[in-house]
Every structure is written in structure tokens, then in C-alpha cells.
Amino acid sequence: AQTVTQSQPEMSVQEAETVTLSCTYDTSESDYYLFWYKQPPSRQMILVIRQEAYKQQNATENRFSVNFQKAAKSFSLKISDSQLGDAAMYFCAYGGSGGGADGLTFGKGTHLIIQP
Amino acid sequence: DSGVTQTPKHLITATGQRVTLRCSPRSGDLSVYWYQQSLDQGLQFLIQYYNGEERAKGNILERFSAQQFPDLHSELNLSSLELGDSALYFCASSPRGVWGYNEQFFGPGTRLTVL
């Protein structure tokens, strides 16, 4: 079974600074997908960024980028120019390529605080 | 707005009771997933349906069941409710028209409180 570990229960960053959230995972599959979801106080789950394991290039979405290290099974999220609206819980998630169970496996989350 | 709708938003009930949560996926999405988010267990995958058929099971209790109807909406039935079933229940949908593509879009959730 796959596992996802987020070792930082809480992170704090000054507005406009850069912060990196860590995520490691364990899997025996070679083809899979990784995601970062944001959950603001409204509790809505919002997809921030996704990475296909077969792609070597790190995914980027505006101020959000990932550092995907497949051999190390590491998938960190970098948020540049942090904004107050970035304050939320961030969940790292693993999705298989479809050969077995297709539900996402989530980490426990990191609570991101933005200091004005 | 993800395009996934869930009803009701909030549900308060007593132990031992049975409730039904409803989900309508995004237009065109064939897959529906159910997740439970609780303080104890975090976000857990419960079950997936694809075009009306059960596709995958996660940590779903035997007291819980689900189905997906011909119009692709899905219902999650929770019976013999216990205090520990209090949680936020999410539905998500996915195109899954392409093998291996697994992006899921989440609904706003149903907050279940068991008293």
C-alpha cells in the first residue's frame, strides 16, 4: 500500500517570502501521479498542482512549483511571493495509474500560516 | 466552484440512525469517489464508482455502502451511526476517459455530526 508523509504539521512564513512544504511517499509502482491540494477555512479541496511521475520536468503553476525527486520519492511544494490568501491546509496526495485502487492517498497535511 | 455538488451541506443525527449523502459529479465525469475527513484519521478514500459499477474500495466500513445511478449521481449510505462517524464527507469526480489520468475535482463536502 502507498503511504504519504508530510513531516511539517505547521509552517509559518512572512508575506511575500518563499516557503517550501515537504512530502515523501512510498510506492512500488513506476507510473503514478502526485498532487498538492489546498484546503482553506471554507474546507473546499482545491487542486494546486499535479505531477506525472513519468515526466522529469517539475510542474509549475504561477507562484507554485514542485521539486519532484523520483528516486528519493520526494515531492515538495514551493510557494513564491506568499500571499495572505495562501493561508490554508496543504495536502500532498498520491494517485496510482489505474491498475489497482484509484482513490487518492493523502498525507496528514501542513497548516500554512502567512504572517502579514 | 469545481462543478461537483453535494447535498446536504450539514447533517445532524443521533447514534444508531441511518443517513444518505448525495453527490452529482461534473458534467461528463464517469467516476465518483467518496472520502472521509476526520480529525483522527485525516482524509481517507472510501470507495469509487465508475459508470455505475464499483471500481475500488478503500477504508470503507461494512456499515457504509454506496451506489452510482444511471444518471451518474451517487449516494453514500451510512447506517448504525456512531459518534466516531462524525466527519466531513467529500465526493470527487474524475473524467477517467483516459487511462491513467487521475485528476479529481472535489465537491464542497457534507458535514455529518452524530450526537
# chains A, B, ... in the order shown; residues from 1 in each chain; ligands from 1

call {"tool": "select_by_dssp", "arguments": {"residues": "chain B", "states": "strand (DSSP E)", "output": "NGL selection string"}}
result
:B and (5-7 or 10-13 or 19-24 or 31-38 or 42-50 or 53-57 or 64-68 or 74-78 or 87-94 or 105-106 or 110-114)

call {"tool": "interface_residues", "arguments": {"of": "chain A", "to": "chain B", "cutoff": "12 Å", "atoms": "only C-alpha atoms", "output": "VMD selection string"}}
result
chain A and resid 1 to 4 31 to 54 89 to 110

call {"tool": "residues_around", "arguments": {"residues": "Met11 (chain A)", "least_positions_apart": "2", "cutoff": "8 Å", "atoms": "only C-alpha atoms", "output": "list of chain:residue names"}}
result
A:Gln8, A:Pro9, A:Val13, A:Leu21, A:Thr110, A:His111, A:Leu112, A:Ile113

call {"tool": "residues_around", "arguments": {"residues": "Gln68 (chain B)", "least_positions_apart": "3", "cutoff": "9 Å", "atoms": "only C-alpha atoms", "output": "list in words"}}
result
Val32, Tyr49, Tyr50, Asn51, Gly52, Glu53, Glu54, Asp71, Leu72, His73, Ser74 and Glu75 of chain B

call {"tool": "residues_around", "arguments": {"residues": "region 58-73 of chain A", "least_positions_apart": "5", "cutoff": "6 Å", "atoms": "only C-alpha atoms", "output": "ChimeraX atom specification"}}
result
/A:24-25,51,78-80

call {"tool": "write_last_selection", "arguments": {"atoms": "all heavy atoms", "output": "PDB file, in the first residue's frame"}}
result
ATOM      1  N   THR A  24       6.992  13.212   1.349  1.00  0.00           N
ATOM      2  CA  THR A  24       7.634  11.991   0.848  1.00  0.00           C
ATOM      3  C   THR A  24       6.562  10.926   0.725  1.00  0.00           C
ATOM      4  O   THR A  24       5.511  10.988   1.380  1.00  0.00           O
ATOM      5  CB  THR A  24       8.756  11.508   1.779  1.00  0.00           C
ATOM      6  OG1 THR A  24       8.220  11.274   3.083  1.00  0.00           O
ATOM      7  CG2 THR A  24       9.890  12.510   1.858  1.00  0.00           C
ATOM      8  N   TYR A  25       6.831   9.960  -0.126  1.00  0.00           N
ATOM      9  CA  TYR A  25       5.833   8.919  -0.363  1.00  0.00           C
ATOM     10  C   TYR A  25       6.542   7.590  -0.555  1.00  0.00           C
ATOM     11  O   TYR A  25       7.752   7.542  -0.784  1.00  0.00           O
ATOM     12  CB  TYR A  25       4.966   9.272  -1.576  1.00  0.00           C
ATOM     13  CG  TYR A  25       5.761   9.440  -2.847  1.00  0.00           C
ATOM     14  CD1 TYR A  25       5.930   8.384  -3.731  1.00  0.00           C
ATOM     15  CD2 TYR A  25       6.351  10.670  -3.141  1.00  0.00           C
ATOM     16  CE1 TYR A  25       6.676   8.548  -4.890  1.00  0.00           C
ATOM     17  CE2 TYR A  25       7.108  10.834  -4.287  1.00  0.00           C
ATOM     18  CZ  TYR A  25       7.269   9.774  -5.159  1.00  0.00           C
ATOM     19  OH  TYR A  25       8.014   9.932  -6.296  1.00  0.00           O
ATOM     20  N   GLN A  51       1.725  16.432 -10.781  1.00  0.00           N
ATOM     21  CA  GLN A  51       2.959  15.980 -11.415  1.00  0.00           C
ATOM     22  C   GLN A  51       2.778  14.544 -11.872  1.00  0.00           C
ATOM     23  O   GLN A  51       2.356  13.706 -11.076  1.00  0.00           O
ATOM     24  CB  GLN A  51       4.127  16.061 -10.419  1.00  0.00           C
ATOM     25  CG  GLN A  51       5.439  15.503 -10.904  1.00  0.00           C
ATOM     26  CD  GLN A  51       6.197  16.457 -11.806  1.00  0.00           C
ATOM     27  OE1 GLN A  51       6.287  17.654 -11.553  1.00  0.00           O
ATOM     28  NE2 GLN A  51       6.765  15.928 -12.872  1.00  0.00           N
ATOM     29  N   LYS A  78       6.866  24.466  -3.508  1.00  0.00           N
ATOM     30  CA  LYS A  78       7.421  25.786  -3.223  1.00  0.00           C
ATOM     31  C   LYS A  78       6.403  26.844  -3.597  1.00  0.00           C
ATOM     32  O   LYS A  78       5.875  26.853  -4.718  1.00  0.00           O
ATOM     33  CB  LYS A  78       8.724  26.008  -3.989  1.00  0.00           C
ATOM     34  CG  LYS A  78       9.401  27.321  -3.619  1.00  0.00           C
ATOM     35  CD  LYS A  78      10.796  27.463  -4.214  1.00  0.00           C
ATOM     36  CE  LYS A  78      10.775  27.960  -5.629  1.00  0.00           C
ATOM     37  NZ  LYS A  78      12.130  28.311  -6.118  1.00  0.00           N
ATOM     38  N   ILE A  79       6.133  27.723  -2.644  1.00  0.00           N
ATOM     39  CA  ILE A  79       5.227  28.849  -2.876  1.00  0.00           C
ATOM     40  C   ILE A  79       6.067  30.111  -2.838  1.00  0.00           C
ATOM     41  O   ILE A  79       6.685  30.429  -1.804  1.00  0.00           O
ATOM     42  CB  ILE A  79       4.108  28.919  -1.822  1.00  0.00           C
ATOM     43  CG1 ILE A  79       3.357  27.582  -1.745  1.00  0.00           C
ATOM     44  CG2 ILE A  79       3.144  30.055  -2.148  1.00  0.00           C
ATOM     45  CD1 ILE A  79       2.325  27.515  -0.625  1.00  0.00           C
ATOM     46  N   SER A  80       6.122  30.805  -3.939  1.00  0.00           N
ATOM     47  CA  SER A  80       6.892  32.048  -4.029  1.00  0.00           C
ATOM     48  C   SER A  80       5.984  33.244  -3.795  1.00  0.00           C
ATOM     49  O   SER A  80       4.781  33.178  -4.057  1.00  0.00           O
ATOM     50  CB  SER A  80       7.549  32.169  -5.405  1.00  0.00           C
ATOM     51  OG  SER A  80       8.355  31.050  -5.677  1.00  0.00           O
TER      52      SER A  80
END

call {"tool": "residues_around", "arguments": {"residues": "Val114 (chain B)", "least_positions_apart": "6", "cutoff": "9 Å", "atoms": "only C-alpha atoms", "output": "ChimeraX atom specification"}}
result
/B:11-15,17,81-87

call {"tool": "write_last_selection", "arguments": {"atoms": "C-alpha atoms", "output": "PDB file, in the first residue's frame"}}
result
ATOM      1  CA  LEU B  11     -26.449  16.855   8.722  1.00  0.00           C
ATOM      2  CA  ILE B  12     -27.036  16.319  12.427  1.00  0.00           C
ATOM      3  CA  THR B  13     -28.354  12.989  13.601  1.00  0.00           C
ATOM      4  CA  ALA B  14     -28.278  10.578  16.513  1.00  0.00           C
ATOM      5  CA  THR B  15     -26.331   7.404  17.146  1.00  0.00           C
ATOM      6  CA  GLN B  17     -29.538   6.258  12.790  1.00  0.00           C
ATOM      7  CA  LEU B  81     -24.137   5.607  13.071  1.00  0.00           C
ATOM      8  CA  GLU B  82     -21.602   6.009  15.848  1.00  0.00           C
ATOM      9  CA  LEU B  83     -20.083   9.117  17.378  1.00  0.00           C
ATOM     10  CA  GLY B  84     -16.850   8.381  15.533  1.00  0.00           C
ATOM     11  CA  ASP B  85     -18.592   8.694  12.179  1.00  0.00           C
ATOM     12  CA  SER B  86     -18.808  12.442  12.674  1.00  0.00           C
ATOM     13  CA  ALA B  87     -16.707  13.847   9.855  1.00  0.00           C
TER      14      ALA B  87
END

call {"tool": "atom_distance", "arguments": {"atom1": "CA of Ser74 (chain A)", "atom2": "CA of Ser7 (chain A)"}}
result
11.7 Å

call {"tool": "atom_distance", "arguments": {"atom1": "CA of Arg26 (chain B)", "atom2": "CA of Gln6 (chain B)"}}
result
11.1 Å
